[in-house]
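File shown: coords-v2.pdb (PDB, C-alpha atoms).
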```pdb
ATOM      1  CA  MET A1251      30.104 -17.381 -69.146  1.00  0.00           C
ATOM      2  CA  SER A1252      33.553 -17.734 -70.693  1.00  0.00           C
ATOM      3  CA  GLU A1253      35.439 -20.996 -70.518  1.00  0.00           C
ATOM      4  CA  SER A1254      37.502 -21.359 -67.316  1.00  0.00           C
ATOM      5  CA  ILE A1255      41.303 -21.627 -67.369  1.00  0.00           C
ATOM      6  CA  GLU A1256      40.963 -25.197 -66.200  1.00  0.00           C
ATOM      7  CA  ALA A1257      38.566 -26.102 -69.005  1.00  0.00           C
ATOM      8  CA  ARG A1258      40.738 -24.379 -71.634  1.00  0.00           C
ATOM      9  CA  ALA A1259      43.858 -26.180 -70.382  1.00  0.00           C
ATOM     10  CA  LYS A1260      42.089 -29.535 -70.371  1.00  0.00           C
ATOM     11  CA  ARG A1261      40.748 -28.908 -73.870  1.00  0.00           C
ATOM     12  CA  LEU A1262      44.281 -28.288 -75.209  1.00  0.00           C
ATOM     13  CA  ILE A1263      45.707 -31.371 -73.500  1.00  0.00           C
ATOM     14  CA  ALA A1264      42.786 -33.520 -74.649  1.00  0.00           C
ATOM     15  CA  GLU A1265      43.173 -32.320 -78.246  1.00  0.00           C
ATOM     16  CA  GLN A1266      46.897 -33.040 -78.207  1.00  0.00           C
ATOM     17  CA  PHE A1267      46.506 -36.623 -77.049  1.00  0.00           C
ATOM     18  CA  GLY A1268      43.157 -37.392 -78.660  1.00  0.00           C
ATOM     19  CA  VAL A1269      41.366 -38.103 -75.382  1.00  0.00           C
ATOM     20  CA  ASP A1270      38.123 -36.907 -73.810  1.00  0.00           C
ATOM     21  CA  PRO A1271      38.682 -33.866 -71.510  1.00  0.00           C
ATOM     22  CA  GLU A1272      36.411 -35.592 -68.965  1.00  0.00           C
ATOM     23  CA  GLU A1273      39.014 -38.323 -68.590  1.00  0.00           C
ATOM     24  CA  LEU A1274      41.689 -35.865 -67.449  1.00  0.00           C
ATOM     25  CA  LYS A1275      42.147 -35.838 -63.683  1.00  0.00           C
ATOM     26  CA  PRO A1276      44.504 -33.523 -61.762  1.00  0.00           C
ATOM     27  CA  GLU A1277      46.816 -36.497 -61.191  1.00  0.00           C
ATOM     28  CA  THR A1278      46.849 -37.619 -64.844  1.00  0.00           C
ATOM     29  CA  HIS A1279      50.532 -37.831 -65.768  1.00  0.00           C
ATOM     30  CA  LEU A1280      51.542 -36.410 -69.145  1.00  0.00           C
ATOM     31  CA  VAL A1281      54.284 -38.961 -69.775  1.00  0.00           C
ATOM     32  CA  LYS A1282      53.119 -42.057 -67.902  1.00  0.00           C
ATOM     33  CA  ASP A1283      49.395 -41.815 -68.679  1.00  0.00           C
ATOM     34  CA  LEU A1284      49.226 -39.796 -71.893  1.00  0.00           C
ATOM     35  CA  LYS A1285      52.535 -41.092 -73.364  1.00  0.00           C
ATOM     36  CA  MET A1286      53.862 -37.616 -74.124  1.00  0.00           C
ATOM     37  CA  GLU A1287      56.828 -37.595 -76.506  1.00  0.00           C
ATOM     38  CA  SER A1288      59.268 -34.816 -77.234  1.00  0.00           C
ATOM     39  CA  LEU A1289      57.252 -33.400 -80.131  1.00  0.00           C
ATOM     40  CA  ASP A1290      53.997 -33.536 -78.122  1.00  0.00           C
ATOM     41  CA  LYS A1291      55.684 -31.499 -75.435  1.00  0.00           C
ATOM     42  CA  ILE A1292      56.863 -28.806 -77.840  1.00  0.00           C
ATOM     43  CA  GLU A1293      53.446 -28.721 -79.491  1.00  0.00           C
ATOM     44  CA  LEU A1294      51.689 -28.429 -76.163  1.00  0.00           C
ATOM     45  CA  ILE A1295      53.948 -25.562 -75.106  1.00  0.00           C
ATOM     46  CA  ALA A1296      53.167 -23.778 -78.399  1.00  0.00           C
ATOM     47  CA  ALA A1297      49.430 -24.406 -77.912  1.00  0.00           C
ATOM     48  CA  PHE A1298      49.438 -23.024 -74.352  1.00  0.00           C
ATOM     49  CA  GLU A1299      51.484 -19.985 -75.358  1.00  0.00           C
ATOM     50  CA  GLU A1300      48.992 -19.179 -78.082  1.00  0.00           C
ATOM     51  CA  GLU A1301      45.852 -19.866 -76.053  1.00  0.00           C
ATOM     52  CA  PHE A1302      46.915 -17.889 -72.981  1.00  0.00           C
ATOM     53  CA  ASP A1303      49.265 -15.374 -74.609  1.00  0.00           C
ATOM     54  CA  ILE A1304      52.156 -16.318 -72.295  1.00  0.00           C
ATOM     55  CA  GLU A1305      55.777 -17.411 -72.786  1.00  0.00           C
ATOM     56  CA  ILE A1306      56.724 -20.826 -71.445  1.00  0.00           C
ATOM     57  CA  PRO A1307      60.457 -21.630 -71.189  1.00  0.00           C
ATOM     58  CA  GLU A1308      61.138 -25.362 -71.520  1.00  0.00           C
ATOM     59  CA  GLU A1309      62.812 -25.581 -68.112  1.00  0.00           C
ATOM     60  CA  GLU A1310      59.606 -24.279 -66.516  1.00  0.00           C
ATOM     61  CA  ALA A1311      57.437 -26.600 -68.605  1.00  0.00           C
ATOM     62  CA  GLU A1312      59.352 -29.698 -67.552  1.00  0.00           C
ATOM     63  CA  ARG A1313      58.499 -29.141 -63.882  1.00  0.00           C
ATOM     64  CA  ASN A1314      54.821 -29.621 -64.651  1.00  0.00           C
ATOM     65  CA  VAL A1315      54.167 -33.275 -65.328  1.00  0.00           C
ATOM     66  CA  THR A1316      50.539 -33.726 -64.302  1.00  0.00           C
ATOM     67  CA  VAL A1317      47.352 -32.084 -65.593  1.00  0.00           C
ATOM     68  CA  GLY A1318      46.839 -30.443 -62.177  1.00  0.00           C
ATOM     69  CA  GLN A1319      50.360 -28.993 -62.189  1.00  0.00           C
ATOM     70  CA  VAL A1320      49.897 -27.608 -65.690  1.00  0.00           C
ATOM     71  CA  ILE A1321      46.664 -25.867 -64.675  1.00  0.00           C
ATOM     72  CA  GLU A1322      48.274 -24.397 -61.536  1.00  0.00           C
ATOM     73  CA  TYR A1323      51.261 -23.246 -63.586  1.00  0.00           C
ATOM     74  CA  VAL A1324      49.058 -21.415 -66.095  1.00  0.00           C
ATOM     75  CA  LYS A1325      47.035 -19.799 -63.303  1.00  0.00           C
ATOM     76  CA  ALA A1326      50.251 -18.617 -61.626  1.00  0.00           C
ATOM     77  CA  LYS A1327      51.548 -17.250 -64.952  1.00  0.00           C
ATOM     78  CA  LEU A1328      48.315 -15.320 -65.429  1.00  0.00           C
ATOM     79  CA  GLY A1329      48.292 -14.144 -61.828  1.00  0.00           C
ATOM     80  CA  VAL A1330      44.988 -15.907 -61.086  1.00  0.00           C
ATOM     81  CA  LYS A1331      44.332 -17.501 -57.687  1.00  0.00           C
TER      82      LYS A1331
ATOM     83  CA  MET B1104      87.249 -62.335 -73.138  1.00  0.00           C
ATOM     84  CA  GLU B1105      83.654 -61.392 -73.979  1.00  0.00           C
ATOM     85  CA  ASN B1106      84.434 -57.899 -72.906  1.00  0.00           C
ATOM     86  CA  ARG B1107      87.101 -57.333 -75.496  1.00  0.00           C
ATOM     87  CA  GLY B1108      84.791 -55.705 -78.055  1.00  0.00           C
ATOM     88  CA  PHE B1109      83.449 -53.403 -75.410  1.00  0.00           C
ATOM     89  CA  LEU B1110      86.973 -52.431 -74.391  1.00  0.00           C
ATOM     90  CA  LEU B1111      87.897 -51.824 -78.012  1.00  0.00           C
ATOM     91  CA  GLY B1112      84.858 -49.573 -78.216  1.00  0.00           C
ATOM     92  CA  LEU B1113      86.205 -47.537 -75.334  1.00  0.00           C
ATOM     93  CA  ASP B1114      89.603 -47.395 -77.013  1.00  0.00           C
ATOM     94  CA  THR B1115      88.080 -45.754 -80.065  1.00  0.00           C
ATOM     95  CA  GLY B1116      86.887 -42.965 -77.809  1.00  0.00           C
ATOM     96  CA  ILE B1117      83.169 -43.367 -78.413  1.00  0.00           C
ATOM     97  CA  LYS B1118      81.335 -41.471 -75.706  1.00  0.00           C
ATOM     98  CA  GLY B1119      77.769 -41.755 -76.831  1.00  0.00           C
ATOM     99  CA  LEU B1120      75.382 -43.040 -79.473  1.00  0.00           C
ATOM    100  CA  GLY B1121      71.856 -41.930 -80.283  1.00  0.00           C
ATOM    101  CA  VAL B1122      69.256 -42.790 -82.898  1.00  0.00           C
ATOM    102  CA  ASP B1123      65.817 -41.392 -83.669  1.00  0.00           C
ATOM    103  CA  LEU B1124      63.088 -42.347 -86.126  1.00  0.00           C
ATOM    104  CA  MET B1125      59.890 -40.495 -86.941  1.00  0.00           C
ATOM    105  CA  GLU B1126      56.928 -40.433 -89.265  1.00  0.00           C
ATOM    106  CA  ILE B1127      57.306 -37.431 -91.554  1.00  0.00           C
ATOM    107  CA  GLU B1128      53.538 -36.914 -91.491  1.00  0.00           C
ATOM    108  CA  ARG B1129      53.604 -36.587 -87.698  1.00  0.00           C
ATOM    109  CA  LEU B1130      55.812 -33.506 -87.915  1.00  0.00           C
ATOM    110  CA  LYS B1131      53.801 -32.096 -90.798  1.00  0.00           C
ATOM    111  CA  ARG B1132      50.582 -32.363 -88.772  1.00  0.00           C
ATOM    112  CA  SER B1133      52.189 -30.604 -85.821  1.00  0.00           C
ATOM    113  CA  VAL B1134      53.481 -27.759 -87.963  1.00  0.00           C
ATOM    114  CA  GLU B1135      50.135 -27.373 -89.704  1.00  0.00           C
ATOM    115  CA  ARG B1136      48.424 -27.198 -86.321  1.00  0.00           C
ATOM    116  CA  ARG B1137      50.809 -24.835 -84.560  1.00  0.00           C
ATOM    117  CA  GLY B1138      52.490 -22.978 -87.388  1.00  0.00           C
ATOM    118  CA  ARG B1139      55.598 -20.881 -87.201  1.00  0.00           C
ATOM    119  CA  ARG B1140      55.603 -20.798 -83.405  1.00  0.00           C
ATOM    120  CA  LEU B1141      56.259 -24.546 -83.370  1.00  0.00           C
ATOM    121  CA  LEU B1142      58.875 -24.414 -86.129  1.00  0.00           C
ATOM    122  CA  GLU B1143      60.791 -21.742 -84.250  1.00  0.00           C
ATOM    123  CA  LYS B1144      60.890 -23.834 -81.091  1.00  0.00           C
ATOM    124  CA  ILE B1145      62.653 -26.629 -82.949  1.00  0.00           C
ATOM    125  CA  PHE B1146      64.588 -25.131 -85.843  1.00  0.00           C
ATOM    126  CA  THR B1147      66.887 -22.183 -86.479  1.00  0.00           C
ATOM    127  CA  GLU B1148      65.981 -19.585 -89.110  1.00  0.00           C
ATOM    128  CA  GLU B1149      68.607 -21.018 -91.433  1.00  0.00           C
ATOM    129  CA  GLU B1150      67.209 -24.554 -91.104  1.00  0.00           C
ATOM    130  CA  ILE B1151      63.663 -23.345 -91.764  1.00  0.00           C
ATOM    131  CA  ARG B1152      64.788 -21.372 -94.800  1.00  0.00           C
ATOM    132  CA  TYR B1153      66.739 -24.302 -96.234  1.00  0.00           C
ATOM    133  CA  CYS B1154      63.997 -26.897 -95.757  1.00  0.00           C
ATOM    134  CA  PHE B1155      61.279 -24.705 -97.240  1.00  0.00           C
ATOM    135  CA  SER B1156      63.479 -24.023-100.258  1.00  0.00           C
ATOM    136  CA  MET B1157      63.235 -27.746-101.055  1.00  0.00           C
ATOM    137  CA  GLY B1158      60.413 -29.449-102.957  1.00  0.00           C
ATOM    138  CA  GLU B1159      59.423 -31.652-100.006  1.00  0.00           C
ATOM    139  CA  PRO B1160      60.198 -29.539 -96.953  1.00  0.00           C
ATOM    140  CA  TYR B1161      58.787 -31.947 -94.373  1.00  0.00           C
ATOM    141  CA  GLN B1162      61.128 -34.814 -95.155  1.00  0.00           C
ATOM    142  CA  HIS B1163      64.058 -32.455 -94.572  1.00  0.00           C
ATOM    143  CA  LEU B1164      62.532 -30.998 -91.435  1.00  0.00           C
ATOM    144  CA  ALA B1165      61.750 -34.467 -90.064  1.00  0.00           C
ATOM    145  CA  ALA B1166      65.295 -35.724 -90.732  1.00  0.00           C
ATOM    146  CA  ARG B1167      66.663 -32.687 -88.898  1.00  0.00           C
ATOM    147  CA  PHE B1168      64.258 -33.195 -86.023  1.00  0.00           C
ATOM    148  CA  CYS B1169      65.498 -36.806 -85.751  1.00  0.00           C
ATOM    149  CA  LEU B1170      69.092 -35.678 -85.845  1.00  0.00           C
ATOM    150  CA  LYS B1171      68.550 -33.218 -83.011  1.00  0.00           C
ATOM    151  CA  GLU B1172      66.835 -35.904 -80.952  1.00  0.00           C
ATOM    152  CA  ALA B1173      69.603 -38.387 -81.761  1.00  0.00           C
ATOM    153  CA  VAL B1174      72.226 -35.919 -80.517  1.00  0.00           C
ATOM    154  CA  LEU B1175      70.288 -35.391 -77.272  1.00  0.00           C
ATOM    155  CA  LYS B1176      70.021 -39.156 -76.804  1.00  0.00           C
ATOM    156  CA  ALA B1177      73.732 -39.574 -77.454  1.00  0.00           C
ATOM    157  CA  PHE B1178      74.369 -37.126 -74.619  1.00  0.00           C
ATOM    158  CA  GLY B1179      71.880 -39.014 -72.462  1.00  0.00           C
ATOM    159  CA  LEU B1180      69.700 -35.921 -72.216  1.00  0.00           C
ATOM    160  CA  GLY B1181      66.069 -35.075 -72.764  1.00  0.00           C
ATOM    161  CA  LEU B1182      64.722 -31.627 -73.406  1.00  0.00           C
ATOM    162  CA  GLY B1183      64.773 -29.153 -70.580  1.00  0.00           C
ATOM    163  CA  ARG B1184      67.498 -28.409 -68.074  1.00  0.00           C
ATOM    164  CA  GLY B1185      68.209 -25.399 -70.223  1.00  0.00           C
ATOM    165  CA  VAL B1186      68.728 -27.426 -73.398  1.00  0.00           C
ATOM    166  CA  THR B1187      66.457 -26.869 -76.395  1.00  0.00           C
ATOM    167  CA  LEU B1188      66.426 -28.382 -79.870  1.00  0.00           C
ATOM    168  CA  ARG B1189      67.511 -25.024 -81.245  1.00  0.00           C
ATOM    169  CA  ASP B1190      70.825 -25.515 -79.437  1.00  0.00           C
ATOM    170  CA  ILE B1191      71.601 -28.222 -81.982  1.00  0.00           C
ATOM    171  CA  GLU B1192      71.995 -26.711 -85.414  1.00  0.00           C
ATOM    172  CA  VAL B1193      72.105 -28.954 -88.468  1.00  0.00           C
ATOM    173  CA  LYS B1194      74.241 -27.667 -91.329  1.00  0.00           C
ATOM    174  CA  LEU B1195      75.486 -29.091 -94.603  1.00  0.00           C
ATOM    175  CA  ASN B1196      79.066 -28.959 -95.847  1.00  0.00           C
ATOM    176  CA  GLU B1197      79.936 -28.166 -99.462  1.00  0.00           C
ATOM    177  CA  LEU B1198      79.328 -31.802-100.431  1.00  0.00           C
ATOM    178  CA  GLY B1199      75.885 -31.799 -98.832  1.00  0.00           C
ATOM    179  CA  LYS B1200      76.996 -33.933 -95.878  1.00  0.00           C
ATOM    180  CA  PRO B1201      75.341 -32.938 -92.625  1.00  0.00           C
ATOM    181  CA  TYR B1202      77.185 -31.829 -89.510  1.00  0.00           C
ATOM    182  CA  VAL B1203      75.965 -30.266 -86.293  1.00  0.00           C
ATOM    183  CA  GLU B1204      76.985 -27.203 -84.340  1.00  0.00           C
ATOM    184  CA  ILE B1205      75.956 -27.114 -80.719  1.00  0.00           C
ATOM    185  CA  HIS B1206      75.350 -24.072 -78.571  1.00  0.00           C
ATOM    186  CA  GLY B1207      74.471 -22.998 -75.043  1.00  0.00           C
ATOM    187  CA  ARG B1208      74.204 -25.504 -72.186  1.00  0.00           C
ATOM    188  CA  LEU B1209      74.745 -28.425 -74.513  1.00  0.00           C
ATOM    189  CA  LYS B1210      78.087 -27.019 -75.602  1.00  0.00           C
ATOM    190  CA  GLU B1211      79.107 -26.679 -71.944  1.00  0.00           C
ATOM    191  CA  LYS B1212      78.020 -30.263 -71.326  1.00  0.00           C
ATOM    192  CA  ALA B1213      80.083 -31.465 -74.315  1.00  0.00           C
ATOM    193  CA  GLU B1214      83.163 -29.643 -73.072  1.00  0.00           C
ATOM    194  CA  LYS B1215      82.735 -31.073 -69.574  1.00  0.00           C
ATOM    195  CA  SER B1216      82.303 -34.622 -70.872  1.00  0.00           C
ATOM    196  CA  GLY B1217      85.284 -34.376 -73.192  1.00  0.00           C
ATOM    197  CA  VAL B1218      83.213 -34.673 -76.360  1.00  0.00           C
ATOM    198  CA  SER B1219      85.090 -33.020 -79.179  1.00  0.00           C
ATOM    199  CA  ARG B1220      83.325 -34.449 -82.195  1.00  0.00           C
ATOM    200  CA  ILE B1221      79.778 -35.411 -83.149  1.00  0.00           C
ATOM    201  CA  ILE B1222      79.501 -37.739 -86.129  1.00  0.00           C
ATOM    202  CA  VAL B1223      76.032 -37.734 -87.665  1.00  0.00           C
ATOM    203  CA  SER B1224      74.008 -39.195 -90.475  1.00  0.00           C
ATOM    204  CA  MET B1225      70.390 -38.813 -91.515  1.00  0.00           C
ATOM    205  CA  SER B1226      68.088 -40.281 -94.110  1.00  0.00           C
ATOM    206  CA  HIS B1227      64.479 -40.428 -95.203  1.00  0.00           C
ATOM    207  CA  SER B1228      62.466 -42.842 -97.266  1.00  0.00           C
ATOM    208  CA  GLY B1229      58.762 -42.911 -97.943  1.00  0.00           C
ATOM    209  CA  GLU B1230      56.962 -42.115 -94.718  1.00  0.00           C
ATOM    210  CA  TYR B1231      59.925 -42.090 -92.356  1.00  0.00           C
ATOM    211  CA  ALA B1232      62.982 -40.066 -91.441  1.00  0.00           C
ATOM    212  CA  ILE B1233      65.867 -41.387 -89.340  1.00  0.00           C
ATOM    213  CA  ALA B1234      69.143 -40.091 -87.919  1.00  0.00           C
ATOM    214  CA  VAL B1235      72.069 -41.282 -85.819  1.00  0.00           C
ATOM    215  CA  ALA B1236      74.693 -39.425 -83.824  1.00  0.00           C
ATOM    216  CA  ILE B1237      77.962 -40.665 -82.320  1.00  0.00           C
ATOM    217  CA  LEU B1238      79.947 -38.650 -79.794  1.00  0.00           C
ATOM    218  CA  THR B1239      83.713 -39.064 -79.667  1.00  0.00           C
ATOM    219  CA  GLY B1240      86.510 -37.617 -77.576  1.00  0.00           C
TER     220      GLY B1240
END
```
Structure encoded using structure tokens:
Amino acid sequence: MSESIEARAKRLIAEQFGVDPEELKPETHLVKDLKMESLDKIELIAAFEEEFDIEIPEEEAERNVTVGQVIEYVKAKLGVK
Amino acid sequence: MENRGFLLGLDTGIKGLGVDLMEIERLKRSVERRGRRLLEKIFTEEEIRYCFSMGEPYQHLAARFCLKEAVLKAFGLGLGRGVTLRDIEVKLNELGKPYVEIHGRLKEKAEKSGVSRIIVSMSHSGEYAIAVAILTG
């Protein structure tokens, strides 16, 4: 079975911040918990665009500040319930 | 009386100050991981061309990244709200002194806040790059 959207998203976030994907909860905050800086954010956007073949404008990205929100955003972009 | 310096500061028309410091290696790692897609989210074509024409491209890229961040900080902004790092373009005059041109939403913001000039400086040494930006009326 192929990797789920949720697992792929968590893998990218975990790689970016050097944490274990298991540690990522829906409420994990990108800035407060993972200490996301400006360059992390741009890198993460580039990683998600490449992984899911989507375009992510920065003003859309900034509305998603938790792991759960990021996953929901990607699902919505891909038209997946 | 203690406020005099502050008032003098206002008299000189300074409207904002920003500084940013980064490890050059940090940017290099990011670019190596994400390639051209990442570069194009931060830099204009002209900036990319210039930096890669130099012997040590990453120190030039990192200094420019810092300068863009310093300008955003001087405006009291983060990324988003329609502003991207590409809206701040770093150029060099004929003497090699840097200046910035701003575009898009950031330009509108500057006009609204009465900012007519952005004074900038950047540097790099060893592992680090640094830049400052001052906004004036």
Quiz item: Could you spell out the hits of the PyMOL selection byres ((chain A) within 6 of (chain B)) on the shown file, as an NGL selection string?
Solution: :A and (1296 or 1308-1309)
Quiz prompt | Pick from B:Lys1212, B:Val1223, B:Gly1217, B:Ile1127 nearest to Gln1162 (chain B), counting all atoms listed in the file | solution = B:Ile1127
Practice problem: Find the spatial neighbours of Leu1195 (chain B), counting only C-alpha atoms, within a cut-off of 12 Å - ignore same-chain residues fewer than 5 positions away - and output them as number ranges by chain. | Solution: B: 1149-1150, 1153-1154, 1163, 1167, 1200-1204, 1223-1225
Practice problem: Give as an MDAnalysis selection string the residues that the PyMOL selection byres ((chain A and resi 1260) around 10) matches when applied to the coordinates above. | Solution: chainID A and resid 1254:1259 1261:1266 1269:1276 1317:1318 1320:1321
Practice problem: Between B:Ile1191, B:Leu1180, B:Ile1233, B:Val1122, single out the one closest to Lys1210 (chain B), counting only C-alpha atoms. | Solution: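 Closest to Lys1210 (chain B) of all the choices is B:Ile1191.
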Quiz item: In Å, how far is it from CA of His1206 (chain B) to CA of Glu1192 (chain B)?
Solution: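 One can read the CA of His1206 (chain B) to CA of Glu1192 (chain B) distance as 8.1 Å.
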Quiz item: Please, what distance in Å, to one decimal, runs between CA of Tyr1161 (chain B) and CA of Gly1229 (chain B)?
Solution: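 Taking CA of Tyr1161 (chain B) and CA of Gly1229 (chain B), their separation equals 11.5 Å.
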Quiz item: What residues have an atom no more than 6 Å from (59.9, -42.3, -92.3) in the file's own frame, counting all atoms listed in the file, and can you write them as a list in words?
Solution: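 Residues with an atom at most 6 Å from (59.9, -42.3, -92.3): Met1125, Glu1126, Ile1127, His1227, Ser1228, Gly1229, Glu1230, Tyr1231 and Ala1232 of chain B.
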Can you report as lines of an AutoDock Vina configuration file the centre and edge lengths in Å, to one decimal, of an axis-aligned box around the listed atoms of region 1292-1303 of chain A padded with 8 Å on each side?
```
center_x = 51.4
center_y = -22.1
center_z = -76.2
size_x = 27.0
size_y = 29.4
size_z = 22.5
```
Quiz item: What is the distance, in Å and to one decimal place, between CA of Val1218 (chain B) and CA of Ile1117 (chain B)?
Solution: 8.9 Å
Practice problem: Would you be able to write out as a list in words which residues have an atom within 9 Å of (49.5, -36.5, -66.4) in the file's coordinates, counting all atoms listed in the file? | Solution: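 The answer, in the requested form, is Leu1274, Lys1275, Pro1276, Glu1277, Thr1278, His1279, Leu1280, Val1281, Lys1282, Asp1283, Leu1284, Lys1285, Met1286, Asn1314, Val1315, Thr1316, Val1317, Gly1318, Gln1319 and Val1320 of chain A.
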